[in-house]
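First comes the structure, then the notes that go with it.
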There are 2 protein chains.
Amino acid sequence: MEARSAKLRNNKPSKDNGGEGRLPYEERREHILQHAAEFFSEYGLTGQTRSLAAACGVSQRLLYRFFPSKAALLREVYSETIIGPFKAVWLAQLTDRSKPVEERLNQFYRDYFRTILTRKWLRLFLYASLAESEMAPDYIAAIIKDLMETVSRETAHEQRVDLPDDPALLHEIGWTLHGAVSHFAIRRHLYKASREISEDRVLAMHIAAFVHGFPSLVQGAGDGP
Amino acid sequence: MEARSAKLRNNKPSKDNGGEGRLPYEERREHILQHAAEFFSEYGLTGQTRSLAAACGVSQRLLYRFFPSKAALLREVYSETIIGPFKAVWLAQLTDRSKPVEERLNQFYRDYFRTILTRKWLRLFLYASLAESEMAPDYIAAIIKDLMETVSRETAHEQRVDLPDDPALLHEIGWTLHGAVSHFAIRRHLYKASREISEDRVLAMHIAAFVHGFPSLVQGAGDGP
DNA sequence: GGATCATGTCGTCAATTGACGACTAAATTT
DNA sequence: AAATTTAGTCGTCAATTGACGACATGATCC
């Protein structure tokens, strides 16, 4: 893996660059994308290409051999880092009625929390959302919408509760849990929140409250104009 | 304080700048702070001073008559716009046991949602949090911590539920509701979420779920190491 | 009506910053 | 080993961007 061709003639890297020497096209490209995700997640979408290049251990010029512009690089980072990690399995797992819904939800949210709601993912997503750079958030919105409906439906089925017809209301019911979990992730990764309680335990608490409070929740959703 | 010397000479700003002509020191300063909050909330803390000046309808140089640097201006905006709107009344209202806790919570969160969780406040707060510009987020953390304890305690008292001793767990219980509400605000103001359901109704739903599911919630929090 | 001071603008400087032409060097082929 | 292709760098350009000295303009006071 390491060519280690100790031609240290290049006075520029000045730092342990990737540690690698030369890389073939696709590898270097991936290497840059990897660092770029980390970099923009940390410093925001306005981070400079020179700093990014330094973080990659390559010259700034090299970035433009792989991406025509910074905006193009950002789009790639977004689709690879933000959209990429979503798993199609989740919907299947959530509808597997051989297990109690509380177990399914715990299984799902533990995975979701560790796969999606990471510091890197959250910061990038928030930066992109704030910049309203229309980097296809519709795709994510559609996935989440499906998730919300599934979570609500599965819980209602097990709790033998009648759901309202209005799909918007259905989504809001699902968001009760999903929003609490998402905000928990924001607290952990963005604000310097305490971590005394283990994340699995907090997730379990939110899920228990959702499942067992579900009848009151749907009833509370029902009335009102 | 205000001479308000009705010298109406000012109606010839040549452009639709602020609309005002000359302003006394304090008024212009406030005028700038107002626009700066709006501006940085929209374009992020990396927004340029020239654009801000244009938005204010004044020259860029003038900003430096009131603030020694962009960073200083940002600090002022933060303390005025983010920290300023918090009200001490809230804790008193929340502990007024002559009313049912659900009513108190509805009253509080409607006010909180409209006063704090606005688009401007949220965007600024998120931008500042992401930049981890240490603009005294500890103060806010302390306020919220108080709120979480109060909400949990008041609900537990009315529902005759024993709360756990661990304060961290106590906070997490409160965050169940507060996080869901905060994330609801993020959805409304940051993502292009649907607004079919009125905000009061969604708030009421979250609160009802919290209050009536409270026993299950505390029980769910109790077990587990 | 001019002196004086506060309000506000012009123009500029030095450092950044995205982008890219021209070049160097390592790998691969012939 | 020379030729060719590929990976990577240097140096620079034009546009930005925070900051500020010098100057202008309007209000207030004598």
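All residue names refer to the structure tokens as shown: chains lettered A, B, ... in order, residues numbered from 1 in each chain, ligands numbered from 1 in order.
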
Notebook entry, point to check: With chain A laid on chain B by least squares, using all C-alpha atoms in order, how large is the RMSD?
Noted result: 3.0 Å

Note to self: Please find the residues of chain D near chain A - the criterion being any atom within 9 Å, counting only C-alpha atoms (C1' of nucleotides) - and write them as a list of chain:residue names.
What the structure shows: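 Listing them in order of chain and number gives D:DT6, D:DA7, D:DG8, D:DT9.
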
Margin query: Could you check the closest approach to chain B for each of A:Glu158, A:Leu147, A:Leu130, A:Glu26 and tell me which residue wins, using only C-alpha atoms?
Written below: A:Leu130

Margin query: Using only C-alpha atoms (C1' of nucleotides) and a distance of at most 7 Å, pull out the residues of chain C that contact chain B, as JSON, numbers by chain.
Written below: {"C": [7, 8, 9]}

Could the residues in this selection be written to a file with C-alpha atoms (C1' of nucleotides), as an mmCIF file, in the first residue's frame?
data_model
loop_
_atom_site.group_PDB
_atom_site.id
_atom_site.type_symbol
_atom_site.label_atom_id
_atom_site.label_comp_id
_atom_site.auth_asym_id
_atom_site.auth_seq_id
_atom_site.Cartn_x
_atom_site.Cartn_y
_atom_site.Cartn_z
ATOM 1 C "C1'" DT C 7 -22.515 61.506 10.934
ATOM 2 C "C1'" DG C 8 -21.300 59.371 6.843
ATOM 3 C "C1'" DT C 9 -18.568 58.202 2.235
#

Next item on the list: Tell me which protein, DNA and RNA residues are within 10 Å of stretch 3-5 of chain C, counting only C-alpha atoms (C1' of nucleotides), leaving out same-chain ones fewer than 4 positions away, and put them as a PyMOL selection string.
Entry: chain D and resi 27-30
